[in-house]
>>> print(open('input_23.cif').read())   # mmCIF, N, CA and C atoms
data_run
#
loop_
_atom_site.group_PDB
_atom_site.id
_atom_site.type_symbol
_atom_site.label_atom_id
_atom_site.label_comp_id
_atom_site.auth_asym_id
_atom_site.auth_seq_id
_atom_site.Cartn_x
_atom_site.Cartn_y
_atom_site.Cartn_z
ATOM 1 N N MET A 1 47.817 113.358 68.162
ATOM 2 C CA MET A 1 48.723 112.657 67.292
ATOM 3 C C MET A 1 48.226 112.819 65.864
ATOM 4 N N SER A 2 49.137 113.010 64.946
ATOM 5 C CA SER A 2 48.756 113.204 63.549
ATOM 6 C C SER A 2 48.233 111.905 62.941
ATOM 7 N N ASN A 3 47.497 112.044 61.840
ATOM 8 C CA ASN A 3 46.974 110.862 61.144
ATOM 9 C C ASN A 3 48.104 109.976 60.645
ATOM 10 N N VAL A 4 49.192 110.598 60.175
ATOM 11 C CA VAL A 4 50.330 109.824 59.682
ATOM 12 C C VAL A 4 50.929 108.989 60.816
ATOM 13 N N ALA A 5 51.079 109.605 61.990
ATOM 14 C CA ALA A 5 51.641 108.878 63.135
ATOM 15 C C ALA A 5 50.721 107.743 63.559
ATOM 16 N N MET A 6 49.423 107.982 63.552
ATOM 17 C CA MET A 6 48.477 106.919 63.924
ATOM 18 C C MET A 6 48.510 105.784 62.903
ATOM 19 N N ASP A 7 48.581 106.126 61.612
ATOM 20 C CA ASP A 7 48.668 105.089 60.582
ATOM 21 C C ASP A 7 49.958 104.290 60.735
ATOM 22 N N ALA A 8 51.060 104.982 61.023
ATOM 23 C CA ALA A 8 52.345 104.292 61.209
ATOM 24 C C ALA A 8 52.268 103.352 62.408
ATOM 25 N N ALA A 9 51.633 103.803 63.483
ATOM 26 C CA ALA A 9 51.491 102.957 64.666
ATOM 27 C C ALA A 9 50.644 101.724 64.353
ATOM 28 N N ARG A 10 49.569 101.908 63.585
ATOM 29 C CA ARG A 10 48.735 100.760 63.210
ATOM 30 C C ARG A 10 49.524 99.762 62.358
ATOM 31 N N LEU A 11 50.295 100.287 61.400
ATOM 32 C CA LEU A 11 51.107 99.406 60.559
ATOM 33 C C LEU A 11 52.166 98.692 61.390
ATOM 34 N N LEU A 12 52.804 99.418 62.270
ATOM 35 C CA LEU A 12 53.832 98.840 63.138
ATOM 36 C C LEU A 12 53.248 97.724 64.000
ATOM 37 N N ASP A 13 52.031 97.925 64.471
ATOM 38 C CA ASP A 13 51.386 96.953 65.346
ATOM 39 C C ASP A 13 51.072 95.636 64.626
ATOM 40 N N MET A 14 50.991 95.663 63.304
ATOM 41 C CA MET A 14 50.690 94.450 62.537
ATOM 42 C C MET A 14 51.918 93.563 62.361
ATOM 43 N N LEU A 15 53.103 94.093 62.624
ATOM 44 C CA LEU A 15 54.337 93.345 62.399
ATOM 45 C C LEU A 15 54.589 92.314 63.501
ATOM 46 N N PRO A 16 55.353 91.283 63.175
ATOM 47 C CA PRO A 16 55.794 90.353 64.218
ATOM 48 C C PRO A 16 56.689 91.104 65.216
ATOM 49 N N GLU A 17 56.814 90.579 66.404
ATOM 50 C CA GLU A 17 57.511 91.264 67.494
ATOM 51 C C GLU A 17 58.939 91.678 67.124
ATOM 52 N N ASP A 18 59.696 90.794 66.502
ATOM 53 C CA ASP A 18 61.076 91.133 66.123
ATOM 54 C C ASP A 18 61.114 92.302 65.143
ATOM 55 N N ASP A 19 60.198 92.294 64.192
ATOM 56 C CA ASP A 19 60.150 93.383 63.218
ATOM 57 C C ASP A 19 59.676 94.687 63.862
ATOM 58 N N LYS A 20 58.775 94.589 64.836
ATOM 59 C CA LYS A 20 58.345 95.783 65.580
ATOM 60 C C LYS A 20 59.536 96.429 66.252
ATOM 61 N N ASN A 21 60.349 95.605 66.909
ATOM 62 C CA ASN A 21 61.526 96.130 67.600
ATOM 63 C C ASN A 21 62.505 96.770 66.622
ATOM 64 N N PHE A 22 62.704 96.117 65.473
ATOM 65 C CA PHE A 22 63.591 96.670 64.450
ATOM 66 C C PHE A 22 63.068 98.024 63.972
ATOM 67 N N ALA A 23 61.778 98.085 63.658
ATOM 68 C CA ALA A 23 61.183 99.332 63.169
ATOM 69 C C ALA A 23 61.272 100.427 64.227
ATOM 70 N N TYR A 24 61.030 100.082 65.472
ATOM 71 C CA TYR A 24 61.122 101.049 66.564
ATOM 72 C C TYR A 24 62.540 101.613 66.668
ATOM 73 N N GLU A 25 63.540 100.735 66.624
ATOM 74 C CA GLU A 25 64.931 101.201 66.709
ATOM 75 C C GLU A 25 65.291 102.063 65.510
ATOM 76 N N PHE A 26 64.757 101.730 64.337
ATOM 77 C CA PHE A 26 65.006 102.528 63.140
ATOM 78 C C PHE A 26 64.401 103.922 63.287
ATOM 79 N N ILE A 27 63.177 103.983 63.787
ATOM 80 C CA ILE A 27 62.520 105.275 64.006
ATOM 81 C C ILE A 27 63.313 106.107 65.012
ATOM 82 N N LYS A 28 63.800 105.476 66.068
ATOM 83 C CA LYS A 28 64.623 106.192 67.050
ATOM 84 C C LYS A 28 65.863 106.782 66.388
ATOM 85 N N LYS A 29 66.506 106.012 65.503
ATOM 86 C CA LYS A 29 67.683 106.512 64.793
ATOM 87 C C LYS A 29 67.318 107.710 63.923
ATOM 88 N N LEU A 30 66.184 107.649 63.264
ATOM 89 C CA LEU A 30 65.743 108.775 62.427
ATOM 90 C C LEU A 30 65.539 110.038 63.269
ATOM 91 N N VAL A 31 64.895 109.870 64.410
ATOM 92 C CA VAL A 31 64.635 111.016 65.290
ATOM 93 C C VAL A 31 65.946 111.590 65.811
ATOM 94 N N LEU A 32 66.857 110.723 66.217
ATOM 95 C CA LEU A 32 68.146 111.198 66.717
ATOM 96 C C LEU A 32 68.946 111.892 65.625
ATOM 97 N N ALA A 33 68.849 111.413 64.398
ATOM 98 C CA ALA A 33 69.540 112.067 63.285
ATOM 99 C C ALA A 33 68.921 113.436 63.009
ATOM 100 N N TRP A 34 67.623 113.538 63.180
ATOM 101 C CA TRP A 34 66.917 114.796 62.959
ATOM 102 C C TRP A 34 67.262 115.794 64.048
ATOM 103 N N ASP A 35 67.353 115.308 65.284
ATOM 104 C CA ASP A 35 67.637 116.186 66.416
ATOM 105 C C ASP A 35 68.305 115.386 67.532
ATOM 106 N N PRO A 36 69.623 115.339 67.568
ATOM 107 C CA PRO A 36 70.314 114.512 68.549
ATOM 108 C C PRO A 36 70.040 114.897 70.000
ATOM 109 N N ASP A 37 69.649 116.136 70.249
ATOM 110 C CA ASP A 37 69.375 116.576 71.615
ATOM 111 C C ASP A 37 67.885 116.686 71.904
ATOM 112 N N PHE A 38 67.030 116.272 70.956
ATOM 113 C CA PHE A 38 65.582 116.383 71.097
ATOM 114 C C PHE A 38 65.160 117.816 71.441
ATOM 115 N N THR A 39 65.775 118.806 70.784
ATOM 116 C CA THR A 39 65.470 120.197 71.099
ATOM 117 C C THR A 39 64.594 120.868 70.052
ATOM 118 N N LYS A 40 64.436 120.267 68.896
ATOM 119 C CA LYS A 40 63.592 120.868 67.870
ATOM 120 C C LYS A 40 62.133 120.686 68.266
ATOM 121 N N VAL A 41 61.311 121.617 67.852
ATOM 122 C CA VAL A 41 59.888 121.507 68.131
ATOM 123 C C VAL A 41 59.127 121.449 66.815
ATOM 124 N N THR A 42 57.983 120.817 66.860
ATOM 125 C CA THR A 42 57.126 120.776 65.685
ATOM 126 C C THR A 42 56.423 122.120 65.544
ATOM 127 N N SER A 43 55.788 122.340 64.425
ATOM 128 C CA SER A 43 55.064 123.598 64.236
ATOM 129 C C SER A 43 53.936 123.730 65.258
ATOM 130 N N GLU A 44 53.293 122.624 65.608
ATOM 131 C CA GLU A 44 52.228 122.650 66.616
ATOM 132 C C GLU A 44 52.804 123.008 67.989
ATOM 133 N N GLU A 45 53.946 122.421 68.340
ATOM 134 C CA GLU A 45 54.590 122.760 69.603
ATOM 135 C C GLU A 45 55.019 124.219 69.628
ATOM 136 N N ALA A 46 55.508 124.723 68.514
ATOM 137 C CA ALA A 46 55.923 126.122 68.437
ATOM 138 C C ALA A 46 54.737 127.057 68.687
ATOM 139 N N LYS A 47 53.560 126.685 68.177
ATOM 140 C CA LYS A 47 52.351 127.488 68.429
ATOM 141 C C LYS A 47 52.020 127.516 69.916
ATOM 142 N N HIS A 48 52.118 126.357 70.577
ATOM 143 C CA HIS A 48 51.833 126.285 72.012
ATOM 144 C C HIS A 48 52.841 127.107 72.815
ATOM 145 N N ILE A 49 54.092 127.040 72.424
ATOM 146 C CA ILE A 49 55.128 127.811 73.116
ATOM 147 C C ILE A 49 54.871 129.302 72.955
ATOM 148 N N ALA A 50 54.564 129.735 71.727
ATOM 149 C CA ALA A 50 54.294 131.154 71.478
ATOM 150 C C ALA A 50 53.082 131.618 72.281
ATOM 151 N N ALA A 51 52.048 130.801 72.330
ATOM 152 C CA ALA A 51 50.849 131.167 73.106
ATOM 153 C C ALA A 51 51.184 131.288 74.588
ATOM 154 N N ALA A 52 51.989 130.379 75.097
ATOM 155 C CA ALA A 52 52.370 130.431 76.508
ATOM 156 C C ALA A 52 53.211 131.662 76.807
ATOM 157 N N GLU A 53 54.108 132.011 75.890
ATOM 158 C CA GLU A 53 54.974 133.170 76.103
ATOM 159 C C GLU A 53 54.190 134.477 76.113
ATOM 160 N N HIS A 54 53.056 134.494 75.421
ATOM 161 C CA HIS A 54 52.250 135.717 75.344
ATOM 162 C C HIS A 54 51.006 135.652 76.226
ATOM 163 N N SER A 55 50.967 134.686 77.144
ATOM 164 C CA SER A 55 49.764 134.467 77.949
ATOM 165 C C SER A 55 49.696 135.342 79.194
ATOM 166 N N GLY A 56 50.776 136.045 79.497
ATOM 167 C CA GLY A 56 50.800 136.824 80.725
ATOM 168 C C GLY A 56 51.416 136.048 81.875
ATOM 169 N N PHE A 57 51.920 134.873 81.577
ATOM 170 C CA PHE A 57 52.576 134.046 82.582
ATOM 171 C C PHE A 57 53.798 134.778 83.123
ATOM 172 N N VAL A 58 54.000 134.715 84.415
ATOM 173 C CA VAL A 58 55.146 135.346 85.050
ATOM 174 C C VAL A 58 56.073 134.249 85.554
ATOM 175 N N ASP A 59 57.324 134.290 85.118
ATOM 176 C CA ASP A 59 58.307 133.303 85.545
ATOM 177 C C ASP A 59 58.587 133.459 87.033
ATOM 178 N N GLU A 60 58.698 132.351 87.719
ATOM 179 C CA GLU A 60 58.938 132.357 89.157
ATOM 180 C C GLU A 60 60.176 133.183 89.517
ATOM 181 N N ALA A 61 61.194 133.143 88.686
ATOM 182 C CA ALA A 61 62.433 133.875 88.968
ATOM 183 C C ALA A 61 62.224 135.393 88.918
ATOM 184 N N ASP A 62 61.164 135.836 88.236
ATOM 185 C CA ASP A 62 60.891 137.271 88.115
ATOM 186 C C ASP A 62 60.008 137.809 89.241
ATOM 187 N N ILE A 63 59.580 136.966 90.140
ATOM 188 C CA ILE A 63 58.675 137.388 91.209
ATOM 189 C C ILE A 63 59.468 137.840 92.425
ATOM 190 N N ASP A 64 59.112 139.010 92.910
ATOM 191 C CA ASP A 64 59.683 139.502 94.170
ATOM 192 C C ASP A 64 58.776 138.975 95.271
ATOM 193 N N TRP A 65 59.150 137.859 95.871
ATOM 194 C CA TRP A 65 58.305 137.177 96.839
ATOM 195 C C TRP A 65 58.067 138.018 98.091
ATOM 196 N N ASP A 66 58.905 139.021 98.311
ATOM 197 C CA ASP A 66 58.716 139.910 99.461
ATOM 198 C C ASP A 66 57.772 141.074 99.145
ATOM 199 N N ASN A 67 57.385 141.215 97.869
ATOM 200 C CA ASN A 67 56.519 142.314 97.438
ATOM 201 C C ASN A 67 55.494 141.774 96.453
ATOM 202 N N LEU A 68 54.632 140.884 96.904
ATOM 203 C CA LEU A 68 53.649 140.249 96.019
ATOM 204 C C LEU A 68 52.544 141.193 95.570
ATOM 205 N N ALA A 69 52.393 142.312 96.216
ATOM 206 C CA ALA A 69 51.355 143.280 95.827
ATOM 207 C C ALA A 69 51.572 143.769 94.392
ATOM 208 N N ALA A 70 52.793 143.715 93.913
ATOM 209 C CA ALA A 70 53.102 144.166 92.552
ATOM 210 C C ALA A 70 52.434 143.282 91.498
ATOM 211 N N PHE A 71 52.015 142.081 91.863
ATOM 212 C CA PHE A 71 51.436 141.151 90.905
ATOM 213 C C PHE A 71 49.925 141.010 91.045
ATOM 214 N N GLN A 72 49.282 141.895 91.805
ATOM 215 C CA GLN A 72 47.829 141.805 91.978
ATOM 216 C C GLN A 72 47.111 142.689 91.020
#
>>> encode(input="input_23.cif", output="structure tokens")
Amino acid sequence: MSNVAMDAARLLDMLPEDDKNFAYEFIKKLVLAWDPDFTKVTSEEAKHIAAAEHSGFVDEADIDWDNLAAFQ
């Protein structure tokens, strides 16, 4: 978690319960406005995705289960 997110969580935790709920709902609205389908990735997530795509991982759909010798 980023330092900004941790600081925000600490600040949020200091609020009274009603204000915590209000702030939480506001943050949810901000996130939904930024990405209504939650499909955007952060730069850190994009790095992980790129690393996984270039890791040599083989998708299950691409495996010929009747000819596994091809993957040894």
>>> select_by_dssp(input="input_23.cif", residues="chain A", states="alpha helix (DSSP H)", output="count of residues only")
40
>>> atom_distance(input="input_23.cif", atom1="atom CA of A:Asp35", atom2="atom CA of A:Asp7")
22.7 Å
>>> atom_distance(input="input_23.cif", atom1="atom CA of A:Val41", atom2="atom CA of A:Ala5")
15.9 Å
>>> atom_distance(input="input_23.cif", atom1="atom N of A:Glu25", atom2="atom CA of A:Leu12")
10.5 Å
>>> axis_aligned_box(input="input_23.cif", around="stretch 44-58 of chain A", padding_each_side="8 Å", output="lines of an AutoDock Vina configuration file")
center_x = 52.9
center_y = 129.6
center_z = 75.6
size_x = 22.4
size_y = 30.4
size_z = 35.9
>>> build_atoms(input="input_23.cif", residues="stretch 18-29 of chain A", atoms="all heavy atoms", output="CSV table (one decimal), keeping the file's coordinate frame")
chain,number,residue,atom,x,y,z
A,18,ASP,N,59.7,90.8,66.5
A,18,ASP,CA,61.1,91.1,66.1
A,18,ASP,C,61.1,92.3,65.1
A,18,ASP,O,62.0,93.2,65.2
A,18,ASP,CB,61.8,89.9,65.5
A,18,ASP,CG,62.1,88.9,66.5
A,18,ASP,OD1,62.1,89.2,67.7
A,18,ASP,OD2,62.5,87.7,66.1
A,19,ASP,N,60.2,92.3,64.2
A,19,ASP,CA,60.2,93.4,63.2
A,19,ASP,C,59.7,94.7,63.9
A,19,ASP,O,60.1,95.8,63.5
A,19,ASP,CB,59.2,93.0,62.0
A,19,ASP,CG,59.9,91.9,61.2
A,19,ASP,OD1,61.1,91.7,61.2
A,19,ASP,OD2,59.1,91.2,60.5
A,20,LYS,N,58.8,94.6,64.8
A,20,LYS,CA,58.3,95.8,65.6
A,20,LYS,C,59.5,96.4,66.3
A,20,LYS,O,59.7,97.6,66.2
A,20,LYS,CB,57.3,95.4,66.7
A,20,LYS,CG,55.9,95.2,66.2
A,20,LYS,CD,55.0,94.9,67.4
A,20,LYS,CE,53.7,94.4,66.9
A,20,LYS,NZ,52.8,94.0,68.0
A,21,ASN,N,60.3,95.6,66.9
A,21,ASN,CA,61.5,96.1,67.6
A,21,ASN,C,62.5,96.8,66.6
A,21,ASN,O,63.1,97.8,66.9
A,21,ASN,CB,62.2,95.0,68.4
A,21,ASN,CG,61.4,94.6,69.6
A,21,ASN,OD1,60.6,95.3,70.1
A,21,ASN,ND2,61.5,93.3,70.0
A,22,PHE,N,62.7,96.1,65.5
A,22,PHE,CA,63.6,96.7,64.4
A,22,PHE,C,63.1,98.0,64.0
A,22,PHE,O,63.8,99.0,63.9
A,22,PHE,CB,63.7,95.7,63.3
A,22,PHE,CG,64.5,96.3,62.1
A,22,PHE,CD1,65.9,96.3,62.1
A,22,PHE,CD2,63.8,96.8,61.0
A,22,PHE,CE1,66.6,96.9,61.1
A,22,PHE,CE2,64.5,97.4,60.0
A,22,PHE,CZ,65.9,97.4,60.0
A,23,ALA,N,61.8,98.1,63.7
A,23,ALA,CA,61.2,99.3,63.2
A,23,ALA,C,61.3,100.4,64.2
A,23,ALA,O,61.6,101.6,63.9
A,23,ALA,CB,59.7,99.1,62.8
A,24,TYR,N,61.0,100.1,65.5
A,24,TYR,CA,61.1,101.0,66.6
A,24,TYR,C,62.5,101.6,66.7
A,24,TYR,O,62.7,102.8,66.8
A,24,TYR,CB,60.7,100.4,67.9
A,24,TYR,CG,60.9,101.3,69.1
A,24,TYR,CD1,60.1,102.4,69.3
A,24,TYR,CD2,62.0,101.0,70.0
A,24,TYR,CE1,60.3,103.2,70.4
A,24,TYR,CE2,62.2,101.8,71.0
A,24,TYR,CZ,61.4,102.9,71.3
A,24,TYR,OH,61.6,103.7,72.4
A,25,GLU,N,63.5,100.7,66.6
A,25,GLU,CA,64.9,101.2,66.7
A,25,GLU,C,65.3,102.1,65.5
A,25,GLU,O,66.0,103.0,65.6
A,25,GLU,CB,65.9,100.0,66.8
A,25,GLU,CG,65.8,99.3,68.1
A,25,GLU,CD,66.0,100.1,69.4
A,25,GLU,OE1,66.9,101.0,69.3
A,25,GLU,OE2,65.4,99.9,70.4
A,26,PHE,N,64.8,101.7,64.3
A,26,PHE,CA,65.0,102.5,63.1
A,26,PHE,C,64.4,103.9,63.3
A,26,PHE,O,65.0,104.9,63.0
A,26,PHE,CB,64.4,101.8,61.9
A,26,PHE,CG,64.7,102.6,60.6
A,26,PHE,CD1,65.9,102.6,60.1
A,26,PHE,CD2,63.6,103.2,60.0
A,26,PHE,CE1,66.1,103.3,58.9
A,26,PHE,CE2,63.8,103.9,58.9
A,26,PHE,CZ,65.1,104.0,58.3
A,27,ILE,N,63.2,104.0,63.8
A,27,ILE,CA,62.5,105.3,64.0
A,27,ILE,C,63.3,106.1,65.0
A,27,ILE,O,63.5,107.3,64.8
A,27,ILE,CB,61.1,105.1,64.5
A,27,ILE,CG1,60.2,104.5,63.3
A,27,ILE,CG2,60.5,106.4,65.0
A,27,ILE,CD1,58.9,104.0,63.7
A,28,LYS,N,63.8,105.5,66.1
A,28,LYS,CA,64.6,106.2,67.0
A,28,LYS,C,65.9,106.8,66.4
A,28,LYS,O,66.2,107.9,66.6
A,28,LYS,CB,65.1,105.3,68.2
A,28,LYS,CG,64.0,105.2,69.3
A,28,LYS,CD,64.5,104.5,70.6
A,28,LYS,CE,65.7,103.7,70.6
A,28,LYS,NZ,66.0,103.1,71.9
A,29,LYS,N,66.5,106.0,65.5
A,29,LYS,CA,67.7,106.5,64.8
A,29,LYS,C,67.3,107.7,63.9
A,29,LYS,O,68.1,108.7,63.8
A,29,LYS,CB,68.3,105.4,63.9
A,29,LYS,CG,69.1,104.5,64.7
A,29,LYS,CD,69.9,103.5,63.8
A,29,LYS,CE,70.8,102.6,64.7
A,29,LYS,NZ,71.8,102.0,63.9
